[in-house]
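These notes concern the structure reproduced below.
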Amino acid sequence: MNKPILELNHVGKHYGQHEVLKDINFSLMPGKILGIIGANGSGKSTLMNIIFGHQVIKNTGGYTGVIKVDGQRMDVNYEGNATQYGIGMVHQEFALFPKLTIAENIKLGNENIVKDFAKHVLKDYLLIDHKKDQMEAQEKLESLGLEIDASMLVDHMSISVKQFIEIARELDRNHLKLLILDEPTAVLNDKDSQLLITALKKLVKKGISVLFISHRLEEVMCLCDHLLVLRDGETVGYYENGSITLDQLAIEMIGEKVQKTVSNRALDTKEVQMRFENFQVDYPGEALENFSLEIYKGEVLGITSLSGHGKLAVAKGLIGFYPTRGAIHMNGLDITNLTYQEKITKGLYVLCEDRKNVGLLLEHSIGENIVFTAQQLYRKYSKPHFGGLMKLYDKASADKAVSKYCEQLDIVCRSHQQVVKTLSGGNQQKVCLARSLSLEPDILFVSEPTRGIDIAAKEKVLQSLIESNRKDKMTLVIASSELEELKRLCDRIVVLSEGRISAILSPDASAKEFGLAFSKGGSSDGL
Amino acid sequence: MLKKYQMPLFFFVLSIIGISVSGLSPSFVLNETVNRFVRNGVMIFALIIPIKAGMGLNFSVTVGAMCAQMGYIIAIAAGLGGKLGGVAALSLSLTFAIVFGVLIGHCLNQVPGKEMITTMIIGFLANGFYQLIFLVCVGSIIPVKNTEILLSRGTGVRNLIDLEPFRGVLDKIFVVTLHDISFPMFMIGVVLFFGAFINYLMHTPFGKEIKCVGDSSDRAYMVGINSKKVRIKAIVLSTVVASLGHMIYLQNIGMLNVYTGHLKHEIFASAALMAGGATIKDATVRQGILGLLVFHTLFIVSPQAGQQLFDNPALGEYFRSFIAYGTIALALIVNLKNSETV
């Protein structure tokens, strides 16, 4: 049994001129968990794609080096993927099919057939034994500690259940030797993460190895036998768990001590810039009621709540995604009934937490994403043609602005023409931010600015937000579930509970005060 | 429930109105409907698999129809008749259908998300090639044994080819007559068999792969399904079923319109399927059968209804294409609307 399941020798990868992975070496023994840690853009995902044989790798010229599975060399040119070698992967974006049942999803590619007749030749064209599939799927789910009816459609399942379904599917392949989990806990709450970790520990006892990719250091420390730290595509360390502390690990991962953004000051003037009166948003699952609030010019205001208690509804309501009631005034103007486009031209901008669906033009380049709104609405980055008859796109000035923002926000990319879809989460968030900064709004609403991005990118994002607040006098409203961040940044923090304002606290308020505010039944006059 | 059946119900009501306005006898309408059911039935099933695979309506079923016609023309040109001719025509058209199906499949894999418009253009392109071959090449480059099918100038196939040896051979098997309505039981069985076959396929691992690819071909790839291959298989299957469907259609008609016989079938089949309540994202065999019945009933009565209402049978003809295209347009719009409200 002392043969490694997975062995990487001098694995490297170029995207054009850009080297994203250099000389990666490690081996993984059966029944062990290896944690791979790295900041966004450090090459974690690329490494996983290489091991899993993703088509992106092949389409961009393959990789260098040798990967051995169970001592057998993995074929670089293999068209499909690594499942044949006993490698299973749980993807960051779930590879589940909502219109199929849980059982159908779990047994995908591994169905039982009613009759064994001509099984080997015609397997794909024989009737599926749904009953048996159902039973086996149910067993697999139970072995993971999940009590759920396997005949339900996946569509309605919560994110944590989906994650378990994916793991159950990979387990269902009889010859599974290695399970790769890509940021499995990024979307889970603490309780579900704990469940997942318990389930994984059970798996390892059966002799299955696990590659665990994450940037939540605590979990990696608690789960993994070995740790591999990547930075800028290079291995910076390989540790036995216990031989390194959490703080050291964080430093290894980022490369330098992260400078924490701090904001401590008193607001000099209390000029009201924006006023909500009985604002109400019918956002299913996150409704907001009776929201009356004054926002002062130049302040940094935090909005927080437990998830589902309304913190994201303010921004969504401003954009107009959901029906709203009540009145909004800004700079002395009634903007209640304006379209979002008109609101932008009046100096308001909202950055949603859902950057993939509503924040970015995924198929377009970084440059286009940054200048798009400013160019469309204000005719920025344009120059007059035909004696001022038409104002057309001016590439030179746009390029200049894009370079400026890329530098200011540290956007790591191959070129400004790179398609946004291919960027890592942190860099995508920075692109979103660059666009909102290019508009120079008077007041900026940001939802969950640091969700799903690594520490370094987080600090960069927060720092730029604060900078624009201080330098350009931009009023900032941050809705976030990360109370620590809000405490560091904000002048005031609004706590919502059950969709109503339960308290407005100073960042220095005690944990007890916050705890009470979070759990208090909503009373709108708790100002 | 009502929403699920609103399209077929709408068409049912329209046909009832049509029947009462046209003044046609119910037995005539029923006879015609049964006839059209067996004649056009199989073609509609060719559309279901591509829809399930997420490629929308496969308008290139025309290519399948061309394959069937080529099979017949070659059999006739070689002077083959009877059973031998039938087998020759069948095997030829199947071979063509598989070859062209693979080609179309490869083309469609280059344009994910834009399959419908691509299949339409492929249909037009194939039509051009087809006409070139039969109008110019046959007789000049391609030698023909049976010169009766050639135009008098020596090159090019005649407009109309008599399919005497094949006319109605399948339709005449096991016909049951009730009152004055005749039911070709064998052919009804064949149509239902194709429906059952498609249904069966959807309950095999292959069918599941198709559903997954239809849901998202990227995700399907991630779980180890070769989505490109599945899509090619789906199109090959569709083209083969289409060519079989057109062979059945031609033996029912008994005449082969060389240059126009294959046209418009894709539109009528799509419209019938949509009338059954299918959308471009999901279709079932039941919707196909339902759609066949209501759509073709309306089709039969509309010229006569036009004649009665406006004293002009030509209006009824316009009405026919209006219904066909209108149904498809409606289905597309309903589809878009539904996907927006999700």
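Scheme for the structure tokens: letters A, B, ... for chains in order shown; per-chain residue numbers from 1; ligand numbers from 1 in order shown.
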Inset, instruction - Using only C-alpha atoms, determine which residues of chain B fall within 12 Å of chain A; present them as JSON, numbers by chain. - result: {"B": [52, 197, 198, 199, 200, 201, 202, 203, 204, 205, 206, 207, 208, 209, 210, 211, 212, 213, 214, 215, 216, 217, 218, 219, 220, 221, 222, 223, 224, 225, 226, 227, 228, 229, 230, 282]}
Inset, instruction - Write out as JSON, numbers by chain each polymer residue whose atoms come within 7 Å of range 461-475 of chain A, counting only C-alpha atoms; drop sequence neighbours fewer than 6 positions from it. - result: {"A": [261, 297, 298, 299, 300, 430, 441, 442, 443, 444]}
Got time to write the residues from that selection, N, CA and C atoms, as a PDB file, in the first residue's frame?
```
ATOM      1  N   THR A 261      -6.729  47.381   6.591  1.00  0.00           N
ATOM      2  CA  THR A 261      -7.291  48.699   6.371  1.00  0.00           C
ATOM      3  C   THR A 261      -7.956  49.176   7.657  1.00  0.00           C
ATOM      4  N   LYS A 297     -23.272  62.732   4.175  1.00  0.00           N
ATOM      5  CA  LYS A 297     -22.296  62.930   3.111  1.00  0.00           C
ATOM      6  C   LYS A 297     -20.904  62.522   3.607  1.00  0.00           C
ATOM      7  N   GLY A 298     -20.236  61.711   2.822  1.00  0.00           N
ATOM      8  CA  GLY A 298     -18.856  61.362   3.115  1.00  0.00           C
ATOM      9  C   GLY A 298     -18.663  60.268   4.139  1.00  0.00           C
ATOM     10  N   GLU A 299     -19.729  59.682   4.611  1.00  0.00           N
ATOM     11  CA  GLU A 299     -19.544  58.661   5.644  1.00  0.00           C
ATOM     12  C   GLU A 299     -19.391  57.268   5.011  1.00  0.00           C
ATOM     13  N   VAL A 300     -18.927  56.345   5.857  1.00  0.00           N
ATOM     14  CA  VAL A 300     -18.921  54.952   5.456  1.00  0.00           C
ATOM     15  C   VAL A 300     -19.924  54.251   6.343  1.00  0.00           C
ATOM     16  N   LYS A 430     -12.469  42.980  -8.525  1.00  0.00           N
ATOM     17  CA  LYS A 430     -11.726  44.230  -8.721  1.00  0.00           C
ATOM     18  C   LYS A 430     -12.174  44.931  -9.997  1.00  0.00           C
ATOM     19  N   PRO A 441     -19.110  57.991  -8.660  1.00  0.00           N
ATOM     20  CA  PRO A 441     -20.429  58.289  -8.093  1.00  0.00           C
ATOM     21  C   PRO A 441     -20.300  59.109  -6.818  1.00  0.00           C
ATOM     22  N   ASP A 442     -21.403  59.799  -6.446  1.00  0.00           N
ATOM     23  CA  ASP A 442     -21.419  60.506  -5.173  1.00  0.00           C
ATOM     24  C   ASP A 442     -21.597  59.514  -4.043  1.00  0.00           C
ATOM     25  N   ILE A 443     -22.404  58.494  -4.344  1.00  0.00           N
ATOM     26  CA  ILE A 443     -22.682  57.511  -3.309  1.00  0.00           C
ATOM     27  C   ILE A 443     -22.649  56.119  -3.924  1.00  0.00           C
ATOM     28  N   LEU A 444     -21.919  55.246  -3.272  1.00  0.00           N
ATOM     29  CA  LEU A 444     -21.734  53.902  -3.822  1.00  0.00           C
ATOM     30  C   LEU A 444     -22.258  52.870  -2.838  1.00  0.00           C
TER      31      LEU A 444
END
```
Skip Phe268 in chain B itself and residues of its chain fewer than 2 positions away, then list as a PDB file with all heavy atoms, in the first residue's frame all residues within 10 Å of it, counting only C-alpha atoms.
```pdb
ATOM      1  N   ASN B  40     -47.550  11.687 -41.824  1.00  0.00           N
ATOM      2  CA  ASN B  40     -46.604  12.664 -41.280  1.00  0.00           C
ATOM      3  C   ASN B  40     -46.110  12.330 -39.885  1.00  0.00           C
ATOM      4  O   ASN B  40     -45.341  13.065 -39.303  1.00  0.00           O
ATOM      5  CB  ASN B  40     -47.264  14.046 -41.221  1.00  0.00           C
ATOM      6  CG  ASN B  40     -47.633  14.548 -42.585  1.00  0.00           C
ATOM      7  OD1 ASN B  40     -46.767  14.752 -43.419  1.00  0.00           O
ATOM      8  ND2 ASN B  40     -48.916  14.693 -42.839  1.00  0.00           N
ATOM      9  N   MET B  43     -42.105  11.722 -38.911  1.00  0.00           N
ATOM     10  CA  MET B  43     -41.230  12.895 -39.037  1.00  0.00           C
ATOM     11  C   MET B  43     -41.168  13.704 -37.738  1.00  0.00           C
ATOM     12  O   MET B  43     -40.119  14.213 -37.347  1.00  0.00           O
ATOM     13  CB  MET B  43     -41.749  13.772 -40.181  1.00  0.00           C
ATOM     14  CG  MET B  43     -40.904  14.975 -40.485  1.00  0.00           C
ATOM     15  SD  MET B  43     -39.259  14.548 -41.067  1.00  0.00           S
ATOM     16  CE  MET B  43     -39.415  14.820 -42.812  1.00  0.00           C
ATOM     17  N   ILE B  44     -42.298  13.808 -37.073  1.00  0.00           N
ATOM     18  CA  ILE B  44     -42.381  14.639 -35.875  1.00  0.00           C
ATOM     19  C   ILE B  44     -41.475  14.110 -34.758  1.00  0.00           C
ATOM     20  O   ILE B  44     -40.910  14.865 -33.981  1.00  0.00           O
ATOM     21  CB  ILE B  44     -43.851  14.740 -35.416  1.00  0.00           C
ATOM     22  CG1 ILE B  44     -44.084  16.038 -34.657  1.00  0.00           C
ATOM     23  CG2 ILE B  44     -44.284  13.567 -34.574  1.00  0.00           C
ATOM     24  CD1 ILE B  44     -45.532  16.335 -34.440  1.00  0.00           C
ATOM     25  N   LEU B 263     -39.455  19.911 -49.249  1.00  0.00           N
ATOM     26  CA  LEU B 263     -39.519  21.229 -48.618  1.00  0.00           C
ATOM     27  C   LEU B 263     -40.684  21.331 -47.633  1.00  0.00           C
ATOM     28  O   LEU B 263     -41.672  20.623 -47.744  1.00  0.00           O
ATOM     29  CB  LEU B 263     -39.649  22.310 -49.690  1.00  0.00           C
ATOM     30  CG  LEU B 263     -38.476  22.374 -50.669  1.00  0.00           C
ATOM     31  CD1 LEU B 263     -38.739  23.418 -51.739  1.00  0.00           C
ATOM     32  CD2 LEU B 263     -37.187  22.673 -49.934  1.00  0.00           C
ATOM     33  N   LYS B 264     -40.585  22.227 -46.723  1.00  0.00           N
ATOM     34  CA  LYS B 264     -41.655  22.594 -45.790  1.00  0.00           C
ATOM     35  C   LYS B 264     -41.978  21.534 -44.745  1.00  0.00           C
ATOM     36  O   LYS B 264     -42.704  21.804 -43.803  1.00  0.00           O
ATOM     37  CB  LYS B 264     -42.948  22.942 -46.562  1.00  0.00           C
ATOM     38  CG  LYS B 264     -42.862  24.251 -47.289  1.00  0.00           C
ATOM     39  CD  LYS B 264     -43.698  25.289 -46.583  1.00  0.00           C
ATOM     40  CE  LYS B 264     -43.643  26.589 -47.362  1.00  0.00           C
ATOM     41  NZ  LYS B 264     -44.810  27.396 -47.173  1.00  0.00           N
ATOM     42  N   HIS B 265     -41.454  20.318 -44.899  1.00  0.00           N
ATOM     43  CA  HIS B 265     -41.795  19.295 -43.908  1.00  0.00           C
ATOM     44  C   HIS B 265     -41.302  19.677 -42.531  1.00  0.00           C
ATOM     45  O   HIS B 265     -41.949  19.399 -41.530  1.00  0.00           O
ATOM     46  CB  HIS B 265     -41.207  17.946 -44.318  1.00  0.00           C
ATOM     47  CG  HIS B 265     -41.943  17.337 -45.440  1.00  0.00           C
ATOM     48  ND1 HIS B 265     -43.144  16.712 -45.272  1.00  0.00           N
ATOM     49  CD2 HIS B 265     -41.675  17.293 -46.758  1.00  0.00           C
ATOM     50  CE1 HIS B 265     -43.584  16.303 -46.436  1.00  0.00           C
ATOM     51  NE2 HIS B 265     -42.713  16.646 -47.359  1.00  0.00           N
ATOM     52  N   GLU B 266     -40.134  20.304 -42.486  1.00  0.00           N
ATOM     53  CA  GLU B 266     -39.581  20.674 -41.182  1.00  0.00           C
ATOM     54  C   GLU B 266     -40.485  21.676 -40.489  1.00  0.00           C
ATOM     55  O   GLU B 266     -40.714  21.598 -39.293  1.00  0.00           O
ATOM     56  CB  GLU B 266     -38.140  21.182 -41.340  1.00  0.00           C
ATOM     57  CG  GLU B 266     -37.949  22.603 -41.836  1.00  0.00           C
ATOM     58  CD  GLU B 266     -38.095  22.758 -43.330  1.00  0.00           C
ATOM     59  OE1 GLU B 266     -38.687  21.867 -43.972  1.00  0.00           O
ATOM     60  OE2 GLU B 266     -37.632  23.786 -43.872  1.00  0.00           O
ATOM     61  N   SER B 270     -42.501  20.826 -37.102  1.00  0.00           N
ATOM     62  CA  SER B 270     -42.234  21.673 -35.929  1.00  0.00           C
ATOM     63  C   SER B 270     -43.529  22.270 -35.409  1.00  0.00           C
ATOM     64  O   SER B 270     -43.809  22.248 -34.207  1.00  0.00           O
ATOM     65  CB  SER B 270     -41.284  22.818 -36.281  1.00  0.00           C
ATOM     66  OG  SER B 270     -40.128  22.323 -36.866  1.00  0.00           O
ATOM     67  N   ALA B 271     -44.334  22.784 -36.342  1.00  0.00           N
ATOM     68  CA  ALA B 271     -45.567  23.438 -35.930  1.00  0.00           C
ATOM     69  C   ALA B 271     -46.476  22.443 -35.229  1.00  0.00           C
ATOM     70  O   ALA B 271     -47.077  22.756 -34.201  1.00  0.00           O
ATOM     71  CB  ALA B 271     -46.267  24.044 -37.137  1.00  0.00           C
ATOM     72  N   ALA B 272     -46.569  21.230 -35.766  1.00  0.00           N
ATOM     73  CA  ALA B 272     -47.436  20.227 -35.148  1.00  0.00           C
ATOM     74  C   ALA B 272     -46.961  19.915 -33.738  1.00  0.00           C
ATOM     75  O   ALA B 272     -47.754  19.812 -32.804  1.00  0.00           O
ATOM     76  CB  ALA B 272     -47.459  18.967 -35.998  1.00  0.00           C
ATOM     77  N   LEU B 273     -45.647  19.788 -33.590  1.00  0.00           N
ATOM     78  CA  LEU B 273     -45.092  19.476 -32.266  1.00  0.00           C
ATOM     79  C   LEU B 273     -45.406  20.601 -31.271  1.00  0.00           C
ATOM     80  O   LEU B 273     -45.806  20.374 -30.134  1.00  0.00           O
ATOM     81  CB  LEU B 273     -43.582  19.269 -32.389  1.00  0.00           C
ATOM     82  CG  LEU B 273     -42.853  18.759 -31.158  1.00  0.00           C
ATOM     83  CD1 LEU B 273     -43.414  17.424 -30.716  1.00  0.00           C
ATOM     84  CD2 LEU B 273     -41.370  18.621 -31.428  1.00  0.00           C
ATOM     85  N   MET B 274     -45.228  21.831 -31.737  1.00  0.00           N
ATOM     86  CA  MET B 274     -45.494  22.982 -30.875  1.00  0.00           C
ATOM     87  C   MET B 274     -46.981  23.055 -30.535  1.00  0.00           C
ATOM     88  O   MET B 274     -47.350  23.409 -29.421  1.00  0.00           O
ATOM     89  CB  MET B 274     -45.105  24.291 -31.576  1.00  0.00           C
ATOM     90  CG  MET B 274     -43.659  24.380 -31.990  1.00  0.00           C
ATOM     91  SD  MET B 274     -42.586  24.590 -30.598  1.00  0.00           S
ATOM     92  CE  MET B 274     -41.446  23.278 -30.833  1.00  0.00           C
ATOM     93  N   LEU B 292     -49.903  16.217 -33.589  1.00  0.00           N
ATOM     94  CA  LEU B 292     -50.201  15.666 -34.898  1.00  0.00           C
ATOM     95  C   LEU B 292     -51.699  15.698 -35.170  1.00  0.00           C
ATOM     96  O   LEU B 292     -52.148  16.153 -36.227  1.00  0.00           O
ATOM     97  CB  LEU B 292     -49.759  14.200 -34.932  1.00  0.00           C
ATOM     98  CG  LEU B 292     -48.435  13.845 -35.566  1.00  0.00           C
ATOM     99  CD1 LEU B 292     -48.194  12.363 -35.393  1.00  0.00           C
ATOM    100  CD2 LEU B 292     -48.433  14.225 -37.017  1.00  0.00           C
ATOM    101  N   PHE B 295     -53.220  19.541 -35.029  1.00  0.00           N
ATOM    102  CA  PHE B 295     -52.682  20.412 -36.064  1.00  0.00           C
ATOM    103  C   PHE B 295     -53.165  19.976 -37.442  1.00  0.00           C
ATOM    104  O   PHE B 295     -53.593  20.789 -38.254  1.00  0.00           O
ATOM    105  CB  PHE B 295     -51.153  20.401 -36.007  1.00  0.00           C
ATOM    106  CG  PHE B 295     -50.510  21.333 -36.969  1.00  0.00           C
ATOM    107  CD1 PHE B 295     -50.448  22.688 -36.698  1.00  0.00           C
ATOM    108  CD2 PHE B 295     -49.973  20.874 -38.160  1.00  0.00           C
ATOM    109  CE1 PHE B 295     -49.857  23.561 -37.583  1.00  0.00           C
ATOM    110  CE2 PHE B 295     -49.382  21.742 -39.051  1.00  0.00           C
ATOM    111  CZ  PHE B 295     -49.321  23.087 -38.760  1.00  0.00           C
ATOM    112  N   HIS B 296     -53.126  18.669 -37.689  1.00  0.00           N
ATOM    113  CA  HIS B 296     -53.503  18.219 -39.027  1.00  0.00           C
ATOM    114  C   HIS B 296     -55.007  18.294 -39.265  1.00  0.00           C
ATOM    115  O   HIS B 296     -55.443  18.509 -40.390  1.00  0.00           O
ATOM    116  CB  HIS B 296     -52.952  16.827 -39.294  1.00  0.00           C
ATOM    117  CG  HIS B 296     -51.501  16.873 -39.630  1.00  0.00           C
ATOM    118  ND1 HIS B 296     -51.043  17.406 -40.814  1.00  0.00           N
ATOM    119  CD2 HIS B 296     -50.404  16.516 -38.948  1.00  0.00           C
ATOM    120  CE1 HIS B 296     -49.729  17.358 -40.837  1.00  0.00           C
ATOM    121  NE2 HIS B 296     -49.301  16.820 -39.709  1.00  0.00           N
ATOM    122  N   PHE B 299     -55.426  21.624 -40.377  1.00  0.00           N
ATOM    123  CA  PHE B 299     -54.832  21.717 -41.700  1.00  0.00           C
ATOM    124  C   PHE B 299     -55.797  21.249 -42.781  1.00  0.00           C
ATOM    125  O   PHE B 299     -55.862  21.818 -43.857  1.00  0.00           O
ATOM    126  CB  PHE B 299     -53.578  20.835 -41.702  1.00  0.00           C
ATOM    127  CG  PHE B 299     -52.399  21.511 -42.267  1.00  0.00           C
ATOM    128  CD1 PHE B 299     -51.909  22.661 -41.675  1.00  0.00           C
ATOM    129  CD2 PHE B 299     -51.770  21.023 -43.394  1.00  0.00           C
ATOM    130  CE1 PHE B 299     -50.812  23.296 -42.201  1.00  0.00           C
ATOM    131  CE2 PHE B 299     -50.678  21.657 -43.915  1.00  0.00           C
ATOM    132  CZ  PHE B 299     -50.195  22.798 -43.324  1.00  0.00           C
ATOM    133  N   ARG B 320     -53.208  28.108 -44.129  1.00  0.00           N
ATOM    134  CA  ARG B 320     -52.382  26.980 -43.736  1.00  0.00           C
ATOM    135  C   ARG B 320     -50.973  27.433 -43.320  1.00  0.00           C
ATOM    136  O   ARG B 320     -50.494  27.082 -42.248  1.00  0.00           O
ATOM    137  CB  ARG B 320     -52.238  25.997 -44.891  1.00  0.00           C
ATOM    138  CG  ARG B 320     -53.364  25.031 -44.978  1.00  0.00           C
ATOM    139  CD  ARG B 320     -53.062  23.991 -46.015  1.00  0.00           C
ATOM    140  NE  ARG B 320     -54.014  22.896 -45.913  1.00  0.00           N
ATOM    141  CZ  ARG B 320     -54.036  21.880 -46.736  1.00  0.00           C
ATOM    142  NH1 ARG B 320     -53.167  21.831 -47.743  1.00  0.00           N
ATOM    143  NH2 ARG B 320     -54.899  20.920 -46.578  1.00  0.00           N
ATOM    144  N   SER B 321     -50.347  28.199 -44.193  1.00  0.00           N
ATOM    145  CA  SER B 321     -48.975  28.585 -43.830  1.00  0.00           C
ATOM    146  C   SER B 321     -48.984  29.578 -42.674  1.00  0.00           C
ATOM    147  O   SER B 321     -48.094  29.582 -41.839  1.00  0.00           O
ATOM    148  CB  SER B 321     -48.186  29.116 -45.013  1.00  0.00           C
ATOM    149  OG  SER B 321     -48.949  30.010 -45.728  1.00  0.00           O
ATOM    150  N   ILE B 323     -51.014  29.386 -40.176  1.00  0.00           N
ATOM    151  CA  ILE B 323     -51.088  28.562 -38.957  1.00  0.00           C
ATOM    152  C   ILE B 323     -49.720  27.979 -38.630  1.00  0.00           C
ATOM    153  O   ILE B 323     -49.262  28.043 -37.492  1.00  0.00           O
ATOM    154  CB  ILE B 323     -52.093  27.398 -39.148  1.00  0.00           C
ATOM    155  CG1 ILE B 323     -53.501  27.930 -39.272  1.00  0.00           C
ATOM    156  CG2 ILE B 323     -52.010  26.438 -37.966  1.00  0.00           C
ATOM    157  CD1 ILE B 323     -54.466  26.871 -39.729  1.00  0.00           C
ATOM    158  N   ALA B 324     -49.067  27.415 -39.647  1.00  0.00           N
ATOM    159  CA  ALA B 324     -47.801  26.722 -39.401  1.00  0.00           C
ATOM    160  C   ALA B 324     -46.766  27.675 -38.807  1.00  0.00           C
ATOM    161  O   ALA B 324     -46.214  27.426 -37.737  1.00  0.00           O
ATOM    162  CB  ALA B 324     -47.279  26.112 -40.686  1.00  0.00           C
ATOM    163  N   TYR B 325     -46.538  28.801 -39.502  1.00  0.00           N
ATOM    164  CA  TYR B 325     -45.509  29.722 -39.013  1.00  0.00           C
ATOM    165  C   TYR B 325     -45.946  30.398 -37.726  1.00  0.00           C
ATOM    166  O   TYR B 325     -45.148  30.654 -36.831  1.00  0.00           O
ATOM    167  CB  TYR B 325     -45.170  30.756 -40.084  1.00  0.00           C
ATOM    168  CG  TYR B 325     -44.405  30.166 -41.229  1.00  0.00           C
ATOM    169  CD1 TYR B 325     -44.972  30.036 -42.488  1.00  0.00           C
ATOM    170  CD2 TYR B 325     -43.096  29.713 -41.044  1.00  0.00           C
ATOM    171  CE1 TYR B 325     -44.278  29.471 -43.530  1.00  0.00           C
ATOM    172  CE2 TYR B 325     -42.398  29.148 -42.083  1.00  0.00           C
ATOM    173  CZ  TYR B 325     -42.979  29.031 -43.327  1.00  0.00           C
ATOM    174  OH  TYR B 325     -42.289  28.468 -44.351  1.00  0.00           O
ATOM    175  N   THR B 327     -47.788  29.169 -35.369  1.00  0.00           N
ATOM    176  CA  THR B 327     -47.598  28.284 -34.219  1.00  0.00           C
ATOM    177  C   THR B 327     -46.155  28.318 -33.749  1.00  0.00           C
ATOM    178  O   THR B 327     -45.875  28.398 -32.551  1.00  0.00           O
ATOM    179  CB  THR B 327     -47.920  26.834 -34.596  1.00  0.00           C
ATOM    180  OG1 THR B 327     -49.039  26.827 -35.447  1.00  0.00           O
ATOM    181  CG2 THR B 327     -48.199  26.007 -33.367  1.00  0.00           C
ATOM    182  N   ILE B 328     -45.243  28.245 -34.722  1.00  0.00           N
ATOM    183  CA  ILE B 328     -43.833  28.218 -34.336  1.00  0.00           C
ATOM    184  C   ILE B 328     -43.447  29.525 -33.658  1.00  0.00           C
ATOM    185  O   ILE B 328     -42.811  29.538 -32.598  1.00  0.00           O
ATOM    186  CB  ILE B 328     -42.937  27.960 -35.562  1.00  0.00           C
ATOM    187  CG1 ILE B 328     -43.224  26.560 -36.106  1.00  0.00           C
ATOM    188  CG2 ILE B 328     -41.471  28.062 -35.185  1.00  0.00           C
ATOM    189  CD1 ILE B 328     -42.504  26.245 -37.370  1.00  0.00           C
TER     190      ILE B 328
END
```
Inset, instruction - Quick one: everything within 10 Å of range 62-67 of chain B, counting only C-alpha atoms, minus sequence neighbours fewer than 2 positions away in the same chain. Send it as JSON, numbers by chain. - result: {"B": [43, 46, 58, 59, 60, 69, 70, 71, 72, 73, 89, 90, 92, 93, 94, 95, 96, 97, 98, 99, 100, 101, 104, 119, 120, 122, 123, 124, 125, 126, 127, 130, 236, 238, 239, 240, 241, 242, 243, 244, 245, 246, 247, 249, 250, 258, 259, 260, 261, 262, 263, 264, 265, 266, 267]}
Inset, instruction - Can you pull out every residue within 10 Å of Gly56 in chain B, counting only C-alpha atoms, but drop anything in the same chain fewer than 2 positions away, and send it as a list in words? - result: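 That gives Leu47, Ile48, Ile49, Pro50, Ile51, Lys52, Ala53, Gly54, Asn58, Phe59, Gly113, Lys114, Glu115, Met116, Ile117, Thr119, Gly214, Thr279, Ile280, Lys281, Asp282 and Ala283 of chain B.
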Inset, instruction - Mind giving me the straight-line distance from CA of Leu362 in chain A to CA of Val419 in chain A in Å, one decimal? - result: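 Spanning CA of Leu362 in chain A to CA of Val419 in chain A is a straight-line distance of 7.0 Å.
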Inset, instruction - Give the answer as one residue: which of A:Asp172, A:Asp232, A:Glu136, A:Glu183 has the shortest atom-to-atom distance to Glu19 in chain A, using only C-alpha atoms? - result: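 Of the candidates, the smallest distance to Glu19 in chain A is held by A:Asp232.
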Inset, instruction - Quick one: pick out all alpha helix (DSSP H) residues within range 172-303 of chain A from a backbone DSSP run and write them as JSON, numbers by chain. - result: {"A": [172, 190, 191, 192, 193, 194, 195, 196, 197, 198, 199, 200, 201, 202, 203, 204, 205, 217, 218, 219, 220, 221, 222, 223, 246, 247, 248, 249, 250, 251, 252, 253, 254]}
Inset, instruction - Report the distance between CA of Ala374 in chain A and CA of Ser438 in chain A in Å, rounded to one decimal place. - result: 6.6 Å
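With only C-alpha atoms taken into account, the protein and nucleic acid residues at most 12 Å from Asp508 in chain A (excluding it and anything under 2 positions from it in its own chain) are Ser263, Asn264, Arg265, Leu483, Glu484, Leu486, Lys487, Arg488, Leu489, Cys490, Asp491, Arg492, Ile493, Ile504, Leu505, Ser506, Ser510, Ala511, Lys512, Glu513 and Phe514 of chain A.
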Inset, instruction - Would you list, as a ChimeraX atom specification, the residues of range 89-190 of chain A that end up in strand (DSSP E) under DSSP run on this structure's backbone? - result: /A:89-90,178-182
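The protein and nucleic acid residues lying at most 10 Å from Leu333 in chain A are A:Gln273, A:Met274, A:Arg275, A:Ile328, A:Lys346, with only C-alpha atoms considered and sequence neighbours fewer than 5 positions away removed.
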Inset, instruction - State, in Å with one decimal place, the distance from CA of Ser397 in chain A to CA of Val431 in chain A. - result: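 Computing the Euclidean distance for CA of Ser397 in chain A and CA of Val431 in chain A yields 17.6 Å.
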